[in-house]
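Presented below is the structure to which this report refers.
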Amino acid sequence: MKDLLSGIQERRSFYAISKKSNISDDQVRDLVEAAVKHTPSAYNMQSQRAVLLLGPENDKLWEIVMNALRAKVPAERFAKTEEKINGFAASYGSVLFFDDTAVTDSFARQFDSYEGQFTGWALQANGMLQINIWNLLEGEGFGASLQHYNPLIDEAVKRAWGLPESWKLLAQMPFGVLTGVPKEKEFVPIDERFKVFG
């Protein structure tokens with residue numbers, strides 16, 4: 001496992017990944033479970049939800065995505081879409097990220113002076129969960145990327161895995177051992193993004 005700063009610096013969107021893993025499925029599960037348990041949330045509402053898909057279950061996800069897009073993208077333009085989804089389907093596994101809106105809405109009702117804030121806070125907490133899992137996967141030698149085929153696939157995903165209606169799909173993270181390297185990352189000058197006073 002890399003140190004935290006190295007993981008943050010080296011984490012990237014990797015699209016050239018394979019159906020290989022450097023660690024056992026149990027270890028992958030333990031990483032995701034620990035991130036779900038320990039990632040903070042406003043008012044400790046813990047509305048973040050994650051589903052880990054491995055093996056045939058991961059294949060099923062990308063079949064759902066492919067079928068949903070096939071119904072939307074014109075046939076003459078589908079080849080590029082198919083190639084992209086096949087790249088995600090080549091992953092070892094995927095993590096699906098959700099917010100349990102029943103929990104988020106319940107907290108909004110309990111603390112009505114901040115009612116309009118809880119949806120935003122839930123998204124922030126989910127973002128923290130996503131980056132925590134991404135960094136943990138990076139630390140174990142996986143490449144990953146964050147995808148957003150919601151809401152196009154929401155209902156099919158809930159049906160496929162019997163998930164509660166209140167779980168709102170926010171993102172999908174395919175991951176696997178790297179088979180290539182990404183382009184060099186470009187950075188906006190840091191003084192445009194970061195200020196220090198005092």
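Chain labels follow the order of the structure tokens: the first chain is A, the next B, and so on; residue numbering restarts at 1 in every chain, and ligands are counted from 1 in their shown order.
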As a PDB file with N, CA and C atoms, in the first residue's frame, list the residues of chain A assigned to strand (DSSP E or B) by DSSP on the backbone atoms of this structure.
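Dumped to out35.pdb:
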ATOM      1  N   SER A  13      -7.437   8.946 -14.010  1.00  0.00           N
ATOM      2  CA  SER A  13      -8.453   8.193 -14.737  1.00  0.00           C
ATOM      3  C   SER A  13      -7.726   7.266 -15.698  1.00  0.00           C
ATOM      4  N   ILE A  17      -7.466  -0.928 -18.783  1.00  0.00           N
ATOM      5  CA  ILE A  17      -7.440  -1.825 -17.632  1.00  0.00           C
ATOM      6  C   ILE A  17      -7.850  -3.226 -18.057  1.00  0.00           C
ATOM      7  N   GLN A  48     -24.332   7.340   2.262  1.00  0.00           N
ATOM      8  CA  GLN A  48     -23.594   6.776   1.133  1.00  0.00           C
ATOM      9  C   GLN A  48     -23.820   5.263   1.075  1.00  0.00           C
ATOM     10  N   ARG A  49     -23.976   4.765  -0.138  1.00  0.00           N
ATOM     11  CA  ARG A  49     -24.132   3.328  -0.367  1.00  0.00           C
ATOM     12  C   ARG A  49     -23.206   2.924  -1.510  1.00  0.00           C
ATOM     13  N   ALA A  50     -22.695   1.710  -1.448  1.00  0.00           N
ATOM     14  CA  ALA A  50     -21.831   1.204  -2.519  1.00  0.00           C
ATOM     15  C   ALA A  50     -22.180  -0.250  -2.794  1.00  0.00           C
ATOM     16  N   VAL A  51     -22.050  -0.634  -4.045  1.00  0.00           N
ATOM     17  CA  VAL A  51     -22.221  -2.023  -4.471  1.00  0.00           C
ATOM     18  C   VAL A  51     -20.962  -2.415  -5.228  1.00  0.00           C
ATOM     19  N   LEU A  52     -20.334  -3.508  -4.818  1.00  0.00           N
ATOM     20  CA  LEU A  52     -19.136  -4.029  -5.491  1.00  0.00           C
ATOM     21  C   LEU A  52     -19.555  -5.174  -6.402  1.00  0.00           C
ATOM     22  N   LEU A  53     -19.217  -5.065  -7.672  1.00  0.00           N
ATOM     23  CA  LEU A  53     -19.550  -6.090  -8.663  1.00  0.00           C
ATOM     24  C   LEU A  53     -18.271  -6.722  -9.181  1.00  0.00           C
ATOM     25  N   LEU A  54     -18.194  -8.049  -9.100  1.00  0.00           N
ATOM     26  CA  LEU A  54     -17.031  -8.800  -9.574  1.00  0.00           C
ATOM     27  C   LEU A  54     -17.492  -9.921 -10.494  1.00  0.00           C
ATOM     28  N   GLY A  93     -13.571  -5.377 -11.995  1.00  0.00           N
ATOM     29  CA  GLY A  93     -14.773  -5.158 -11.191  1.00  0.00           C
ATOM     30  C   GLY A  93     -15.232  -3.727 -11.328  1.00  0.00           C
ATOM     31  N   SER A  94     -16.350  -3.437 -10.700  1.00  0.00           N
ATOM     32  CA  SER A  94     -16.879  -2.070 -10.683  1.00  0.00           C
ATOM     33  C   SER A  94     -17.504  -1.794  -9.329  1.00  0.00           C
ATOM     34  N   VAL A  95     -17.385  -0.549  -8.906  1.00  0.00           N
ATOM     35  CA  VAL A  95     -18.077  -0.096  -7.709  1.00  0.00           C
ATOM     36  C   VAL A  95     -19.172   0.864  -8.151  1.00  0.00           C
ATOM     37  N   LEU A  96     -20.389   0.613  -7.686  1.00  0.00           N
ATOM     38  CA  LEU A  96     -21.509   1.511  -7.950  1.00  0.00           C
ATOM     39  C   LEU A  96     -21.734   2.361  -6.708  1.00  0.00           C
ATOM     40  N   PHE A  97     -21.925   3.654  -6.907  1.00  0.00           N
ATOM     41  CA  PHE A  97     -22.108   4.586  -5.800  1.00  0.00           C
ATOM     42  C   PHE A  97     -23.536   5.124  -5.809  1.00  0.00           C
ATOM     43  N   PHE A  98     -24.144   5.128  -4.630  1.00  0.00           N
ATOM     44  CA  PHE A  98     -25.527   5.569  -4.471  1.00  0.00           C
ATOM     45  C   PHE A  98     -25.642   6.503  -3.270  1.00  0.00           C
ATOM     46  N   ASP A  99     -26.699   7.307  -3.276  1.00  0.00           N
ATOM     47  CA  ASP A  99     -27.151   7.978  -2.063  1.00  0.00           C
ATOM     48  C   ASP A  99     -28.496   7.382  -1.696  1.00  0.00           C
ATOM     49  N   ASP A 100     -28.663   7.016  -0.424  1.00  0.00           N
ATOM     50  CA  ASP A 100     -29.961   6.530   0.043  1.00  0.00           C
ATOM     51  C   ASP A 100     -30.806   7.752   0.364  1.00  0.00           C
ATOM     52  N   PHE A 142      -4.416  -0.880  -8.871  1.00  0.00           N
ATOM     53  CA  PHE A 142      -5.512  -0.850  -9.839  1.00  0.00           C
ATOM     54  C   PHE A 142      -5.564   0.504 -10.543  1.00  0.00           C
ATOM     55  N   GLY A 143      -6.002   0.471 -11.787  1.00  0.00           N
ATOM     56  CA  GLY A 143      -6.409   1.670 -12.480  1.00  0.00           C
ATOM     57  C   GLY A 143      -7.921   1.737 -12.434  1.00  0.00           C
ATOM     58  N   ALA A 144      -8.470   2.941 -12.419  1.00  0.00           N
ATOM     59  CA  ALA A 144      -9.919   3.103 -12.344  1.00  0.00           C
ATOM     60  C   ALA A 144     -10.315   4.407 -13.023  1.00  0.00           C
ATOM     61  N   GLN A 147     -17.431   6.900 -13.981  1.00  0.00           N
ATOM     62  CA  GLN A 147     -18.373   7.023 -15.087  1.00  0.00           C
ATOM     63  C   GLN A 147     -19.757   7.408 -14.564  1.00  0.00           C
ATOM     64  N   TRP A 167     -32.441   4.137  -3.232  1.00  0.00           N
ATOM     65  CA  TRP A 167     -31.024   4.287  -3.574  1.00  0.00           C
ATOM     66  C   TRP A 167     -30.902   4.982  -4.926  1.00  0.00           C
ATOM     67  N   LYS A 168     -30.343   6.174  -4.917  1.00  0.00           N
ATOM     68  CA  LYS A 168     -30.160   6.949  -6.149  1.00  0.00           C
ATOM     69  C   LYS A 168     -28.740   6.729  -6.670  1.00  0.00           C
ATOM     70  N   LEU A 169     -28.624   6.192  -7.880  1.00  0.00           N
ATOM     71  CA  LEU A 169     -27.327   5.917  -8.485  1.00  0.00           C
ATOM     72  C   LEU A 169     -26.644   7.229  -8.869  1.00  0.00           C
ATOM     73  N   LEU A 170     -25.367   7.354  -8.458  1.00  0.00           N
ATOM     74  CA  LEU A 170     -24.614   8.580  -8.727  1.00  0.00           C
ATOM     75  C   LEU A 170     -23.427   8.373  -9.660  1.00  0.00           C
ATOM     76  N   ALA A 171     -22.788   7.207  -9.604  1.00  0.00           N
ATOM     77  CA  ALA A 171     -21.585   6.998 -10.419  1.00  0.00           C
ATOM     78  C   ALA A 171     -21.223   5.521 -10.455  1.00  0.00           C
ATOM     79  N   GLN A 172     -20.384   5.178 -11.442  1.00  0.00           N
ATOM     80  CA  GLN A 172     -19.872   3.822 -11.600  1.00  0.00           C
ATOM     81  C   GLN A 172     -18.356   3.907 -11.756  1.00  0.00           C
ATOM     82  N   MET A 173     -17.631   3.010 -11.061  1.00  0.00           N
ATOM     83  CA  MET A 173     -16.172   3.027 -11.098  1.00  0.00           C
ATOM     84  C   MET A 173     -15.629   1.669 -11.534  1.00  0.00           C
ATOM     85  N   PRO A 174     -15.357   1.483 -12.840  1.00  0.00           N
ATOM     86  CA  PRO A 174     -14.699   0.249 -13.280  1.00  0.00           C
ATOM     87  C   PRO A 174     -13.216   0.291 -12.901  1.00  0.00           C
ATOM     88  N   PHE A 175     -12.682  -0.869 -12.500  1.00  0.00           N
ATOM     89  CA  PHE A 175     -11.271  -0.917 -12.111  1.00  0.00           C
ATOM     90  C   PHE A 175     -10.645  -2.242 -12.529  1.00  0.00           C
ATOM     91  N   GLY A 176      -9.334  -2.230 -12.705  1.00  0.00           N
ATOM     92  CA  GLY A 176      -8.583  -3.432 -13.059  1.00  0.00           C
ATOM     93  C   GLY A 176      -7.101  -3.103 -13.125  1.00  0.00           C
ATOM     94  N   VAL A 177      -6.307  -4.139 -13.255  1.00  0.00           N
ATOM     95  CA  VAL A 177      -4.864  -3.931 -13.388  1.00  0.00           C
ATOM     96  C   VAL A 177      -4.598  -3.207 -14.707  1.00  0.00           C
ATOM     97  N   LEU A 178      -3.660  -2.267 -14.682  1.00  0.00           N
ATOM     98  CA  LEU A 178      -3.364  -1.433 -15.842  1.00  0.00           C
ATOM     99  C   LEU A 178      -2.789  -2.228 -17.007  1.00  0.00           C
TER     100      LEU A 178
END
Distance query A:Phe88 at most 8 Å, only C-alpha atoms, self and fewer than 2 positions along chain excluded, as a ChimeraX atom specification: /A:15,17,62,84-86,90-91,174
Select from stretch 42-194 of chain A everything DSSP, run on the backbone, classes as alpha helix (DSSP H), then give the selection as a ChimeraX atom specification. /A:56-70,78-89,101-110,118-139,154-161
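Taking atom CA of A:Pro151 and atom CA of A:Thr81 as the two end points, the separation is 17.3 Å.
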Taking 3 positions as the minimum chain separation for residues in the same chain, which residues sit within 10 Å of A:Asn135 when counting only C-alpha atoms? Answer as a ChimeraX atom specification. /A:2,4-12,129-132,138-144
Selected residues written out with C-alpha atoms, as a compact mmCIF listing (two decimals), in the first residue's frame:
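File part28.txt, as written:
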# COMPACT_ATOMS: atom_id res chain seq x y z
CA LYS A 2 1.38 3.39 -1.01
CA LEU A 4 -1.44 8.67 1.16
CA LEU A 5 0.24 11.57 -0.66
CA SER A 6 1.76 9.28 -3.32
CA GLY A 7 -1.65 7.73 -3.89
CA ILE A 8 -3.26 11.15 -4.33
CA GLN A 9 -0.53 12.27 -6.74
CA GLU A 10 -0.59 9.08 -8.81
CA ARG A 11 -4.36 8.54 -8.92
CA ARG A 12 -5.63 9.18 -12.43
CA LEU A 129 -16.42 7.97 -0.57
CA GLN A 130 -15.61 7.85 -4.28
CA ILE A 131 -12.15 9.37 -3.86
CA ASN A 132 -11.41 7.21 -0.81
CA GLU A 138 -4.77 2.96 -6.69
CA GLY A 139 -2.74 1.92 -3.65
CA GLU A 140 -3.21 -1.72 -4.60
CA GLY A 141 -2.10 -1.21 -8.19
CA PHE A 142 -5.51 -0.85 -9.84
CA GLY A 143 -6.41 1.67 -12.48
CA ALA A 144 -9.92 3.10 -12.34
Measuring between only C-alpha atoms, which one of A:Asp26, A:Tyr92, A:Ala71, A:Thr101 shows the shortest distance to A:Pro164?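 Among A:Asp26, A:Tyr92, A:Ala71, A:Thr101, it is A:Thr101 that comes nearest to A:Pro164.
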Please provide as a ChimeraX atom specification all residues within 8 Å of A:Val157, with the sequence filter that same-chain residues fewer than 5 positions apart are discarded (counting only C-alpha atoms). /A:61,64,163
Next, dump the selected residues to file, keeping only N, CA and C atoms, as a CSV table (one decimal), in the first residue's frame.
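Saved file part12.csv follows:
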chain,number,residue,atom,x,y,z
A,61,LEU,N,-23.3,-5.6,-15.5
A,61,LEU,CA,-23.5,-4.1,-15.4
A,61,LEU,C,-23.2,-3.5,-16.8
A,64,ILE,N,-25.8,-4.1,-19.3
A,64,ILE,CA,-27.0,-3.1,-19.1
A,64,ILE,C,-26.6,-1.8,-19.7
A,163,LEU,N,-32.1,-3.8,-5.5
A,163,LEU,CA,-31.7,-2.6,-4.7
A,163,LEU,C,-32.9,-1.8,-4.3
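In this comparison, which uses only C-alpha atoms, the residue of A:Glu82, A:Ile190, A:Leu137, A:Val196 approaching A:Asn22 most closely is A:Leu137.
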